[in-house]
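Have a look at the structure below, then the notes.
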Amino acid sequence: MILLNTTATLYNASECGVTSTCGGESNSTYVTTPNFPVANYDPSTDCYYTIKPAEPGMGVALAFVSFRVTSSDNCSGDYVQYVVIITLKKEIIFQQIRSSTGDVLSHTCGNSIPTPVSDRKGLWIHFHADDSGGDAGFMAIYCNTIEECARQTDFLVTSSCGEVFDSGVITSPSYPLQYVDNTDCYYTITPLLPGGGVALAFVTFDLENDDSCGYDYVQIRSESASGNELLKRCGSNVPSPVYDPNGMWIHFHTDGGVVGNGFLAIYCNSSEECQELIDNPCGESTFLNSSGEITSPFYPYGYTYNTNCKYNIAPYNPESCVTLTFIDEFDIDAACNDYVEVINPVTMETLIPRTCGSNAPSVAVHAGFLEVRFHSDSTNIGKGFKAVYNECGVTSTCGGESNSTYVTTPNFPVANYDPSTDCYYTIKPAEPGMGVALAFVSFRVTSSDNCAGDYVQIRSSNGDVLSHNCGNNIPDLVFDPNSLWVHFHADGSDGDDGFMAIYCNSNPCGNTSFIGGTGEIMSPFYPFAYTDKTHCNYVISAAVPGACMTLTFTGEFDLEADCDDYVEVLNLITLETLVPRSCGAIAPSVQAKASKLLLRFHSNPKNKGKGFKAVYNESAENCTVTENPCGNTNISAGYGEITSPYYPYGYIDNIDCEYTIVPETPDHSYVRLNFVEVFEFDAECNDFVEVFDLVSMEPLHPRFCGSTRPSIEIQSPSLLVRFHSDSDTRRVGFKAIYNVCEYDFDGNVSTSTV
């Protein structure tokens with residue numbers, strides 16, 4: 001039923017001394033005439049295709065799926081001719097009509113599907129068109145044997161409306177959208193194996209209705225247009241399955257009046273097989289391989305009504321994880337009556353919430369196990385979804401080298417990559433939190449407009465596209481704190497040298513704490529381009545108490561000119577700005593000096609440059625300043641703000657601050673406290689802020705931490721705000737505003753949502 005990859009290989013005819021290149025589609029499963037199926041082939045054309053087995057002795061078979069070549073007497077005008085290949089002294093030569101090993105197997109034109117052919121050494125195909133007008137052309141699949149071609153498609157299917165059906169499904173034009181007026185489409189379904197038979201079962205059916213079915217209808221005949229009528233239907237009632245031992249001819253007709261949604265039908269070897277597919281449209285539900293793809297029922301033709309599918313992804317390696325990414329066209333009823341969602345079936349955590357419409361989820365999810373849930377109701381339908389999954393750290397078997405240091409395209413550097421290739425690489429750090437950086441060393445990927453042909457696309461761990469490149473220019477370095485997903489795609493044209501990229505585990509900021517001595521600090525990956533959306537806080541402290549640290553910018557300085565990316569330097573004790581925010585191509589000329597310095601670097605998601613380099617040095621000069629990072633902790637003013645130390649530049653390690661807010665007239669007043677602006681602590685609550693009633697010392701709320709700003713207003717006659725940090729991860733911290741109000745109720749204290 002499903003067209004799978006074959007092992008026979010298509011070779012450019014130039015290997016045999018023939019240089020004609022027609023541009024007809026050629027990949028690992030089929031060949032076509034130029035322009036097929038979009039338009040007719042051009043006149044005065046000669047195309048040559050050479051197909052030989054992947055391994056000696058395996059053989060090659062060719063079966064035509066669609067065939068419309070202008071007819072002429074003895075096929076002397078347009079024709080398809082194919083000849084076996086013979087091998088002599090390891091060179092491929094052609095012996096046309098000269099020996100038993102070079103006999104012409106077929107010389108064909110017209111509209112009748114040629115008989116499948118095979119040869120144990122290979123096939124050579126010559127398509128010739130004279131200078132008259134062209135026709136639709138042909139599509140043919142190739143395999144190792146005729147029987148294998150039959151097993152992979154079961155049938156040869158043609159459509160006069162231009163669609164190519166190769167996965168057991170036929171539909172009306174534009175399905176699942178409404179069909180158009182004044183249309184006539186003819187489909188033929190022919191079994192490849194003798195005695196195979198064809199069964200056709202409709203999954204959905206919605207045509208204009210009338211008693212005689214004379215306006216819009218589907219008519220099915222046995223084998224051909226002159227065969228016995230098996231069915232003629234219109235309306236919205238799904239017809240019963242039909243079967244014929246020789247094949248079917250199907251006519252879909254619409255007039256100029258009312259239109260409907262059309263039909264989706266499946267064809268099988270028997271009615272029982274079709275019924276089984278209708279009863280179980282979801283197909284396979286458990287996926288154990290290290291990589292694969294998942295689609296909604298009958299994708300991309302259109303899913304079924306009232307369907308619930310659960311796809312469970314569980315790789316064999318119990319210590320691994322799975323990455324899932326939605327690709328290609330995404331089309332699910334926009335009202336979210338139909339939807340797809342992804343959960344972790346172990347923890348029941350929702351990884352991708354219910355999603356619908358035409359925008360695929362942009363997040364790539366990671367978990368030890370994944371469950372993809374798809375639901376459709378009885379109203380509208382769409383084409384559905386397609387997603388690919390990879391076991392974390394496992395790359396697809398493209399032949400490209402992948403180890404602990406680099407990845408390459410297949411054949412690199414010995415030969416060009418092959419056409420019609422897709423490779424996926426998933427790279428994750430050796431330890432969580434270390435991050436992954438990828439830098440290209442060599443890059444030659446065939447260029448095209450918008451890189452729509454061959455390309456290398458890199459996505460972050462949340463599914464964002466970080467890079468989409470082709471051509472000969474080395475792409476920028478990319479970084480992600482969790483993992484990178486790389487997709488290399490080559491279309492059907494000739495390949496190029498390919499690429500080699502190195503990867504490493506890295507925190508883009510690197511070391512952020514420097515104590516005494518002399519050294520240098522650089523932006524991430526300097527002098528290569530720094531990474532997007534990066535925030536680095538470098539703390540430079542004197543080793544000798546009270547001594548001075550000096551900081552001077554040196555070397556090339558290159559930051560985005562509009563200061564969306566910038567570097568600045570502060571005195572970390574007084575928070576005085578020593579070097580204001582700087583950007584562009586001119587390095588700051590000011591030398592920063594303090595016993596403790598904070599160098600802050602920020603980049604946004606847009607343009608980027610090479611970054612900066614600075615040197616620091618400890619001197620004997622005295623820079624002593626009394627340090628009180630908590631600031632004023634005893635507060636009685638009527639209005640003000642409280643922040644964690646050094647907010648918003650990031651609090652320091654191992655500090656405890658207690659802020660007391662007591663109104664000047666505590667018997668007649670109360671305090672209102674609200675958290676505002678950026679709120680950021682580590683998620684494990686090793687660092688936190690908490691609020692108490694100062695009299696009873698009862699907590700007014702559990703400890704606050706994480707990155708979600710509290711949305712409650714806290715009220716009490718007097719407050720104690722306690723801040724704590726440990727020696728591990730540092731974050732921005734908090735900011736809160738308070739005001740003292742007179743009681744406007746009978747002494748009651750309340751907490752309300754803002």
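All residue names refer to the structure tokens as shown: chains lettered A, B, ... in order, residues numbered from 1 in each chain, ligands numbered from 1 in order.
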(message) I'd like to know which residues of range 397-473 of chain A are strand (DSSP E) (by DSSP, run on the backbone); could you write them as a ChimeraX atom specification?
(response) /A:406-408,421-427,436-444,455-459,465-469
Keeping only C-alpha atoms, write the selected residues to a file as a short mmCIF file (atom, residue, chain, number, x, y, z; two decimals), in the first residue's frame.
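As a result, part_20.cif now contains:
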data_model
loop_
_atom_site.label_atom_id
_atom_site.label_comp_id
_atom_site.auth_asym_id
_atom_site.auth_seq_id
_atom_site.Cartn_x
_atom_site.Cartn_y
_atom_site.Cartn_z
CA TYR A 406 32.18 17.06 14.08
CA VAL A 407 29.46 16.25 11.54
CA THR A 408 29.67 16.20 7.74
CA THR A 421 19.08 13.50 0.30
CA ASP A 422 17.77 14.40 3.76
CA CYS A 423 19.97 14.10 6.84
CA TYR A 424 19.01 14.96 10.41
CA TYR A 425 21.51 15.47 13.21
CA THR A 426 20.56 15.96 16.86
CA ILE A 427 23.34 17.24 19.09
CA VAL A 436 25.99 23.13 22.52
CA ALA A 437 27.86 25.34 20.02
CA LEU A 438 28.18 24.51 16.30
CA ALA A 439 30.71 26.16 13.95
CA PHE A 440 31.15 25.39 10.24
CA VAL A 441 34.69 24.76 9.01
CA SER A 442 33.85 24.16 5.33
CA PHE A 443 30.59 24.99 3.54
CA ARG A 444 29.65 24.51 -0.12
CA TYR A 455 20.05 23.97 2.35
CA VAL A 456 21.22 23.45 5.92
CA GLN A 457 18.68 24.44 8.57
CA ILE A 458 19.47 24.59 12.28
CA ARG A 459 16.80 24.78 14.97
CA VAL A 465 15.01 28.45 13.27
CA LEU A 466 18.51 29.72 14.12
CA SER A 467 19.99 29.42 10.64
CA HIS A 468 18.87 28.51 7.08
CA ASN A 469 21.79 28.64 4.65
#
(request) Identify, on the basis of only C-alpha atoms, every residue whose closest approach to range 643-659 of chain A does not exceed 6 Å; exclude the query and any residue fewer than 5 positions from it along the same chain; express the result as a ChimeraX atom specification. (result) /A:629-630,633,720-727,731-735
With C-alpha atoms kept, could you save the residues just selected as an mmCIF file, in the first residue's frame?
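File produced: again.cif:
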data_model
loop_
_atom_site.group_PDB
_atom_site.id
_atom_site.type_symbol
_atom_site.label_atom_id
_atom_site.label_comp_id
_atom_site.auth_asym_id
_atom_site.auth_seq_id
_atom_site.Cartn_x
_atom_site.Cartn_y
_atom_site.Cartn_z
ATOM 1 C CA PRO A 629 24.597 45.245 49.100
ATOM 2 C CA CYS A 630 21.227 45.119 50.864
ATOM 3 C CA THR A 633 16.665 47.732 55.364
ATOM 4 C CA LEU A 720 9.288 41.716 56.852
ATOM 5 C CA VAL A 721 10.652 40.971 53.353
ATOM 6 C CA ARG A 722 13.442 38.384 53.445
ATOM 7 C CA PHE A 723 15.810 37.695 50.509
ATOM 8 C CA HIS A 724 18.263 34.776 50.372
ATOM 9 C CA SER A 725 20.822 33.540 47.825
ATOM 10 C CA ASP A 726 23.140 30.530 47.964
ATOM 11 C CA SER A 727 26.466 29.913 46.197
ATOM 12 C CA ARG A 731 19.567 35.538 38.527
ATOM 13 C CA VAL A 732 18.154 39.073 38.152
ATOM 14 C CA GLY A 733 16.217 39.045 41.445
ATOM 15 C CA PHE A 734 13.133 41.104 42.320
ATOM 16 C CA LYS A 735 11.694 44.595 42.595
#
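Once Asp496 in chain A and its same-chain neighbours fewer than 3 positions away are set aside, Ala415, Asn416, Tyr417, Asp418, Arg444, Val445 and Thr446 of chain A remain within 9 Å of it when counting only C-alpha atoms.
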(request) Could you check how far CA of Ala63 in chain A sits from CA of Thr145 in chain A, in Å to one decimal? (result) 9.7 Å
(request) Please indicate the distance in Å from CA of Thr50 in chain A to CA of Gly137 in chain A, rounded to one decimal place. (result)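 Straight-line distance from CA of Thr50 in chain A to CA of Gly137 in chain A works out to 18.0 Å.
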Might you pull out every residue within 10 Å of Ser212 in chain A, with only C-alpha atoms counted and same-chain residues fewer than 4 positions away left off, and present them as a tab-separated table (two decimals) with C-alpha atoms, in the first residue's frame?
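This is the output file around20.tsv:
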chain	number	residue	atom	x	y	z
A	217	TYR	CA	-21.35	12.30	-9.23
A	232	LYS	CA	-22.74	5.76	-9.51
A	233	ARG	CA	-23.34	7.95	-6.48
A	234	CYS	CA	-23.95	11.54	-5.34
(request) Would you mind reading off the distance between CA of Leu597 in chain A and CA of Asp558 in chain A, one decimal, in Å? (result)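 Those two atoms sit 21.9 Å apart.
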(request) Name the closest residue to Thr45 in chain A among the candidates A:Phe479, A:Phe412, A:Trp485, A:Phe127; distances are taken between atoms, counting only C-alpha atoms. (result)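 Smallest separation from Thr45 in chain A among the options: A:Phe127.
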